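Q: Below you will find the structure I want to go over with you.
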Amino acid sequence: MAETLPDGVTEVEVNGVTVTVDTRDLDSVDVLYQLKDAQNGDMFATLDIIDILIGEEQRNRLVATIRDPDTGRASVQDFVQLLEDLFAALPK
């Protein structure tokens, strides 16, 4: 039986991984400040936004999908694509 999610919480699939996102977090002063910082060129602010939206455990699961099995490295370019896919999958 499928779990009923609270209002504002949604599950999306990104790169074959289902993640739960509480879209109510987008209505947050903390996220607003992080978005401001990202707009002003602080690329690391985006990492904080991702952790607010999906948490460290789910982020790690997503990054595992892009990690090179031979080197153990996860490409920044592939990570940016993951983020684009995540935001594209969120309800509008």
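Chains: A, B, ... in order of the structure tokens. Residues: from 1 per chain. Ligands: from 1, in order shown.
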Please run DSSP on the backbone and report, as a PDB file with N, CA, C and O atoms, in the first residue's frame, all residues within chain A that come out as helix (DSSP H, G or I).
A:
```pdb
ATOM      1  N   THR A  23       8.128  20.438  -0.521  1.00  0.00           N
ATOM      2  CA  THR A  23       8.148  21.691  -1.271  1.00  0.00           C
ATOM      3  C   THR A  23       7.775  22.889  -0.406  1.00  0.00           C
ATOM      4  O   THR A  23       8.008  24.027  -0.810  1.00  0.00           O
ATOM      5  N   ARG A  24       7.243  22.637   0.781  1.00  0.00           N
ATOM      6  CA  ARG A  24       6.972  23.747   1.701  1.00  0.00           C
ATOM      7  C   ARG A  24       8.259  24.423   2.114  1.00  0.00           C
ATOM      8  O   ARG A  24       8.259  25.584   2.500  1.00  0.00           O
ATOM      9  N   ASP A  25       9.388  23.687   2.011  1.00  0.00           N
ATOM     10  CA  ASP A  25      10.681  24.288   2.348  1.00  0.00           C
ATOM     11  C   ASP A  25      11.070  25.397   1.381  1.00  0.00           C
ATOM     12  O   ASP A  25      11.930  26.222   1.694  1.00  0.00           O
ATOM     13  N   LEU A  26      10.449  25.418   0.210  1.00  0.00           N
ATOM     14  CA  LEU A  26      10.721  26.505  -0.736  1.00  0.00           C
ATOM     15  C   LEU A  26      10.156  27.825  -0.232  1.00  0.00           C
ATOM     16  O   LEU A  26      10.575  28.891  -0.674  1.00  0.00           O
ATOM     17  N   VAL A  29      12.502  31.429   4.666  1.00  0.00           N
ATOM     18  CA  VAL A  29      13.444  32.544   4.656  1.00  0.00           C
ATOM     19  C   VAL A  29      14.870  32.029   4.475  1.00  0.00           C
ATOM     20  O   VAL A  29      15.669  32.629   3.751  1.00  0.00           O
ATOM     21  N   ASP A  30      15.185  30.891   5.088  1.00  0.00           N
ATOM     22  CA  ASP A  30      16.529  30.323   4.950  1.00  0.00           C
ATOM     23  C   ASP A  30      16.840  30.003   3.486  1.00  0.00           C
ATOM     24  O   ASP A  30      17.934  30.302   2.998  1.00  0.00           O
ATOM     25  N   VAL A  31      15.884  29.401   2.791  1.00  0.00           N
ATOM     26  CA  VAL A  31      16.087  29.084   1.384  1.00  0.00           C
ATOM     27  C   VAL A  31      16.168  30.373   0.565  1.00  0.00           C
ATOM     28  O   VAL A  31      16.986  30.488  -0.350  1.00  0.00           O
ATOM     29  N   LEU A  32      15.364  31.360   0.922  1.00  0.00           N
ATOM     30  CA  LEU A  32      15.401  32.643   0.226  1.00  0.00           C
ATOM     31  C   LEU A  32      16.799  33.267   0.301  1.00  0.00           C
ATOM     32  O   LEU A  32      17.345  33.731  -0.709  1.00  0.00           O
ATOM     33  N   TYR A  33      17.389  33.251   1.487  1.00  0.00           N
ATOM     34  CA  TYR A  33      18.749  33.784   1.632  1.00  0.00           C
ATOM     35  C   TYR A  33      19.762  32.954   0.847  1.00  0.00           C
ATOM     36  O   TYR A  33      20.685  33.498   0.242  1.00  0.00           O
ATOM     37  N   GLN A  34      19.598  31.638   0.851  1.00  0.00           N
ATOM     38  CA  GLN A  34      20.503  30.790   0.090  1.00  0.00           C
ATOM     39  C   GLN A  34      20.361  31.067  -1.410  1.00  0.00           C
ATOM     40  O   GLN A  34      21.363  31.093  -2.138  1.00  0.00           O
ATOM     41  N   LEU A  35      19.125  31.271  -1.870  1.00  0.00           N
ATOM     42  CA  LEU A  35      18.911  31.604  -3.278  1.00  0.00           C
ATOM     43  C   LEU A  35      19.571  32.939  -3.628  1.00  0.00           C
ATOM     44  O   LEU A  35      20.173  33.083  -4.696  1.00  0.00           O
ATOM     45  N   LYS A  36      19.465  33.905  -2.725  1.00  0.00           N
ATOM     46  CA  LYS A  36      20.116  35.200  -2.936  1.00  0.00           C
ATOM     47  C   LYS A  36      21.617  35.009  -3.076  1.00  0.00           C
ATOM     48  O   LYS A  36      22.242  35.544  -3.997  1.00  0.00           O
ATOM     49  N   ASP A  37      22.190  34.225  -2.182  1.00  0.00           N
ATOM     50  CA  ASP A  37      23.626  33.972  -2.236  1.00  0.00           C
ATOM     51  C   ASP A  37      24.013  33.262  -3.535  1.00  0.00           C
ATOM     52  O   ASP A  37      25.033  33.595  -4.154  1.00  0.00           O
ATOM     53  N   ALA A  38      23.186  32.304  -3.958  1.00  0.00           N
ATOM     54  CA  ALA A  38      23.468  31.595  -5.211  1.00  0.00           C
ATOM     55  C   ALA A  38      23.394  32.556  -6.397  1.00  0.00           C
ATOM     56  O   ALA A  38      24.240  32.509  -7.298  1.00  0.00           O
ATOM     57  N   GLN A  39      22.395  33.434  -6.383  1.00  0.00           N
ATOM     58  CA  GLN A  39      22.260  34.422  -7.463  1.00  0.00           C
ATOM     59  C   GLN A  39      23.447  35.378  -7.495  1.00  0.00           C
ATOM     60  O   GLN A  39      23.813  35.888  -8.543  1.00  0.00           O
ATOM     61  N   ALA A  45      26.070  27.869  -2.101  1.00  0.00           N
ATOM     62  CA  ALA A  45      24.750  28.068  -1.511  1.00  0.00           C
ATOM     63  C   ALA A  45      23.757  27.053  -2.065  1.00  0.00           C
ATOM     64  O   ALA A  45      22.845  26.616  -1.368  1.00  0.00           O
ATOM     65  N   THR A  46      23.952  26.651  -3.311  1.00  0.00           N
ATOM     66  CA  THR A  46      23.074  25.658  -3.927  1.00  0.00           C
ATOM     67  C   THR A  46      23.144  24.335  -3.177  1.00  0.00           C
ATOM     68  O   THR A  46      22.133  23.646  -3.024  1.00  0.00           O
ATOM     69  N   LEU A  47      24.323  23.996  -2.675  1.00  0.00           N
ATOM     70  CA  LEU A  47      24.459  22.752  -1.908  1.00  0.00           C
ATOM     71  C   LEU A  47      23.603  22.795  -0.653  1.00  0.00           C
ATOM     72  O   LEU A  47      22.973  21.793  -0.283  1.00  0.00           O
ATOM     73  N   ASP A  48      23.565  23.965   0.001  1.00  0.00           N
ATOM     74  CA  ASP A  48      22.733  24.095   1.198  1.00  0.00           C
ATOM     75  C   ASP A  48      21.252  23.979   0.857  1.00  0.00           C
ATOM     76  O   ASP A  48      20.478  23.371   1.605  1.00  0.00           O
ATOM     77  N   ILE A  49      20.856  24.539  -0.284  1.00  0.00           N
ATOM     78  CA  ILE A  49      19.457  24.454  -0.707  1.00  0.00           C
ATOM     79  C   ILE A  49      19.066  22.992  -0.930  1.00  0.00           C
ATOM     80  O   ILE A  49      18.007  22.547  -0.490  1.00  0.00           O
ATOM     81  N   ILE A  50      19.934  22.242  -1.583  1.00  0.00           N
ATOM     82  CA  ILE A  50      19.651  20.827  -1.842  1.00  0.00           C
ATOM     83  C   ILE A  50      19.500  20.064  -0.535  1.00  0.00           C
ATOM     84  O   ILE A  50      18.587  19.252  -0.372  1.00  0.00           O
ATOM     85  N   ASP A  51      20.398  20.335   0.413  1.00  0.00           N
ATOM     86  CA  ASP A  51      20.306  19.630   1.697  1.00  0.00           C
ATOM     87  C   ASP A  51      19.040  20.013   2.458  1.00  0.00           C
ATOM     88  O   ASP A  51      18.459  19.179   3.157  1.00  0.00           O
ATOM     89  N   ILE A  52      18.590  21.250   2.328  1.00  0.00           N
ATOM     90  CA  ILE A  52      17.336  21.653   2.962  1.00  0.00           C
ATOM     91  C   ILE A  52      16.175  20.902   2.314  1.00  0.00           C
ATOM     92  O   ILE A  52      15.282  20.404   2.998  1.00  0.00           O
ATOM     93  N   LEU A  53      16.189  20.802   0.987  1.00  0.00           N
ATOM     94  CA  LEU A  53      15.057  20.204   0.275  1.00  0.00           C
ATOM     95  C   LEU A  53      14.990  18.689   0.382  1.00  0.00           C
ATOM     96  O   LEU A  53      13.903  18.126   0.535  1.00  0.00           O
ATOM     97  N   ILE A  54      16.138  18.005   0.283  1.00  0.00           N
ATOM     98  CA  ILE A  54      16.074  16.540   0.259  1.00  0.00           C
ATOM     99  C   ILE A  54      16.895  15.877   1.349  1.00  0.00           C
ATOM    100  O   ILE A  54      16.797  14.670   1.543  1.00  0.00           O
ATOM    101  N   GLY A  55      17.721  16.632   2.041  1.00  0.00           N
ATOM    102  CA  GLY A  55      18.507  16.054   3.126  1.00  0.00           C
ATOM    103  C   GLY A  55      19.765  15.353   2.635  1.00  0.00           C
ATOM    104  O   GLY A  55      19.895  15.013   1.458  1.00  0.00           O
ATOM    105  N   GLU A  56      20.673  15.149   3.548  1.00  0.00           N
ATOM    106  CA  GLU A  56      21.982  14.578   3.219  1.00  0.00           C
ATOM    107  C   GLU A  56      21.884  13.135   2.726  1.00  0.00           C
ATOM    108  O   GLU A  56      22.549  12.753   1.761  1.00  0.00           O
ATOM    109  N   GLU A  57      21.045  12.329   3.361  1.00  0.00           N
ATOM    110  CA  GLU A  57      20.952  10.913   2.986  1.00  0.00           C
ATOM    111  C   GLU A  57      20.464  10.752   1.553  1.00  0.00           C
ATOM    112  O   GLU A  57      21.035   9.987   0.765  1.00  0.00           O
ATOM    113  N   GLN A  58      19.411  11.495   1.182  1.00  0.00           N
ATOM    114  CA  GLN A  58      18.893  11.396  -0.182  1.00  0.00           C
ATOM    115  C   GLN A  58      19.875  11.994  -1.185  1.00  0.00           C
ATOM    116  O   GLN A  58      20.037  11.478  -2.289  1.00  0.00           O
ATOM    117  N   ARG A  59      20.557  13.081  -0.793  1.00  0.00           N
ATOM    118  CA  ARG A  59      21.584  13.653  -1.669  1.00  0.00           C
ATOM    119  C   ARG A  59      22.664  12.626  -1.940  1.00  0.00           C
ATOM    120  O   ARG A  59      23.106  12.449  -3.078  1.00  0.00           O
ATOM    121  N   ASN A  60      23.102  11.930  -0.895  1.00  0.00           N
ATOM    122  CA  ASN A  60      24.140  10.911  -1.072  1.00  0.00           C
ATOM    123  C   ASN A  60      23.687   9.797  -2.009  1.00  0.00           C
ATOM    124  O   ASN A  60      24.476   9.289  -2.804  1.00  0.00           O
ATOM    125  N   ARG A  61      22.410   9.417  -1.924  1.00  0.00           N
ATOM    126  CA  ARG A  61      21.886   8.388  -2.831  1.00  0.00           C
ATOM    127  C   ARG A  61      21.914   8.877  -4.275  1.00  0.00           C
ATOM    128  O   ARG A  61      22.236   8.110  -5.191  1.00  0.00           O
ATOM    129  N   LEU A  62      21.584  10.144  -4.489  1.00  0.00           N
ATOM    130  CA  LEU A  62      21.628  10.693  -5.844  1.00  0.00           C
ATOM    131  C   LEU A  62      23.061  10.760  -6.364  1.00  0.00           C
ATOM    132  O   LEU A  62      23.333  10.377  -7.503  1.00  0.00           O
ATOM    133  N   VAL A  63      23.966  11.242  -5.539  1.00  0.00           N
ATOM    134  CA  VAL A  63      25.362  11.365  -5.962  1.00  0.00           C
ATOM    135  C   VAL A  63      25.932   9.988  -6.281  1.00  0.00           C
ATOM    136  O   VAL A  63      26.735   9.844  -7.215  1.00  0.00           O
ATOM    137  N   ALA A  64      25.505   8.971  -5.572  1.00  0.00           N
ATOM    138  CA  ALA A  64      25.994   7.613  -5.840  1.00  0.00           C
ATOM    139  C   ALA A  64      25.684   7.185  -7.273  1.00  0.00           C
ATOM    140  O   ALA A  64      26.437   6.403  -7.860  1.00  0.00           O
ATOM    141  N   VAL A  76      31.222  17.191 -11.125  1.00  0.00           N
ATOM    142  CA  VAL A  76      30.422  18.380 -10.838  1.00  0.00           C
ATOM    143  C   VAL A  76      29.425  18.610 -11.970  1.00  0.00           C
ATOM    144  O   VAL A  76      28.262  18.940 -11.719  1.00  0.00           O
ATOM    145  N   GLN A  77      29.853  18.408 -13.197  1.00  0.00           N
ATOM    146  CA  GLN A  77      28.960  18.592 -14.339  1.00  0.00           C
ATOM    147  C   GLN A  77      27.761  17.637 -14.252  1.00  0.00           C
ATOM    148  O   GLN A  77      26.628  18.039 -14.487  1.00  0.00           O
ATOM    149  N   ASP A  78      28.014  16.399 -13.881  1.00  0.00           N
ATOM    150  CA  ASP A  78      26.912  15.434 -13.717  1.00  0.00           C
ATOM    151  C   ASP A  78      26.016  15.814 -12.537  1.00  0.00           C
ATOM    152  O   ASP A  78      24.805  15.623 -12.595  1.00  0.00           O
ATOM    153  N   PHE A  79      26.620  16.367 -11.484  1.00  0.00           N
ATOM    154  CA  PHE A  79      25.836  16.794 -10.319  1.00  0.00           C
ATOM    155  C   PHE A  79      24.921  17.959 -10.692  1.00  0.00           C
ATOM    156  O   PHE A  79      23.754  17.989 -10.296  1.00  0.00           O
ATOM    157  N   VAL A  80      25.435  18.895 -11.470  1.00  0.00           N
ATOM    158  CA  VAL A  80      24.610  20.016 -11.927  1.00  0.00           C
ATOM    159  C   VAL A  80      23.423  19.494 -12.726  1.00  0.00           C
ATOM    160  O   VAL A  80      22.291  19.969 -12.569  1.00  0.00           O
ATOM    161  N   GLN A  81      23.658  18.482 -13.560  1.00  0.00           N
ATOM    162  CA  GLN A  81      22.561  17.887 -14.326  1.00  0.00           C
ATOM    163  C   GLN A  81      21.535  17.244 -13.394  1.00  0.00           C
ATOM    164  O   GLN A  81      20.327  17.362 -13.605  1.00  0.00           O
ATOM    165  N   LEU A  82      22.016  16.566 -12.347  1.00  0.00           N
ATOM    166  CA  LEU A  82      21.093  15.997 -11.356  1.00  0.00           C
ATOM    167  C   LEU A  82      20.209  17.072 -10.739  1.00  0.00           C
ATOM    168  O   LEU A  82      19.005  16.893 -10.574  1.00  0.00           O
ATOM    169  N   LEU A  83      20.821  18.195 -10.377  1.00  0.00           N
ATOM    170  CA  LEU A  83      20.067  19.294  -9.764  1.00  0.00           C
ATOM    171  C   LEU A  83      19.034  19.854 -10.732  1.00  0.00           C
ATOM    172  O   LEU A  83      17.887  20.116 -10.344  1.00  0.00           O
ATOM    173  N   GLU A  84      19.437  20.011 -11.988  1.00  0.00           N
ATOM    174  CA  GLU A  84      18.479  20.494 -12.992  1.00  0.00           C
ATOM    175  C   GLU A  84      17.315  19.526 -13.137  1.00  0.00           C
ATOM    176  O   GLU A  84      16.155  19.942 -13.200  1.00  0.00           O
ATOM    177  N   ASP A  85      17.626  18.240 -13.146  1.00  0.00           N
ATOM    178  CA  ASP A  85      16.574  17.225 -13.264  1.00  0.00           C
ATOM    179  C   ASP A  85      15.667  17.235 -12.037  1.00  0.00           C
ATOM    180  O   ASP A  85      14.448  17.074 -12.166  1.00  0.00           O
ATOM    181  N   LEU A  86      16.256  17.424 -10.865  1.00  0.00           N
ATOM    182  CA  LEU A  86      15.470  17.471  -9.629  1.00  0.00           C
ATOM    183  C   LEU A  86      14.483  18.634  -9.671  1.00  0.00           C
ATOM    184  O   LEU A  86      13.289  18.456  -9.443  1.00  0.00           O
ATOM    185  N   PHE A  87      14.986  19.824  -9.986  1.00  0.00           N
ATOM    186  CA  PHE A  87      14.094  20.984 -10.009  1.00  0.00           C
ATOM    187  C   PHE A  87      13.056  20.878 -11.110  1.00  0.00           C
ATOM    188  O   PHE A  87      11.919  21.308 -10.943  1.00  0.00           O
ATOM    189  N   ALA A  88      13.417  20.264 -12.244  1.00  0.00           N
ATOM    190  CA  ALA A  88      12.454  20.085 -13.334  1.00  0.00           C
ATOM    191  C   ALA A  88      11.344  19.114 -12.930  1.00  0.00           C
ATOM    192  O   ALA A  88      10.207  19.235 -13.411  1.00  0.00           O
ATOM    193  N   ALA A  89      11.650  18.162 -12.050  1.00  0.00           N
ATOM    194  CA  ALA A  89      10.668  17.156 -11.643  1.00  0.00           C
ATOM    195  C   ALA A  89       9.695  17.660 -10.577  1.00  0.00           C
ATOM    196  O   ALA A  89       8.635  17.067 -10.372  1.00  0.00           O
TER     197      ALA A  89
END
```
Q: By how many Å are atom CA of A:Lys92 and atom CA of A:Asp27 apart?
A: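 Computing it gives 13.5 Å between the two atoms.
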Q: Between atom CA of A:Glu13 and atom CA of A:Ile66, measure the distance and give it in Å to one decimal.
A: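 A separation of 14.6 Å between them.
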Q: Restricting the calculation to only C-alpha atoms: of A:Gly8, A:Gly41, A:Gly72, A:Pro91, which residue gets closest to A:Asp22?
A: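 Of all the options, A:Gly8 lies closest to A:Asp22.
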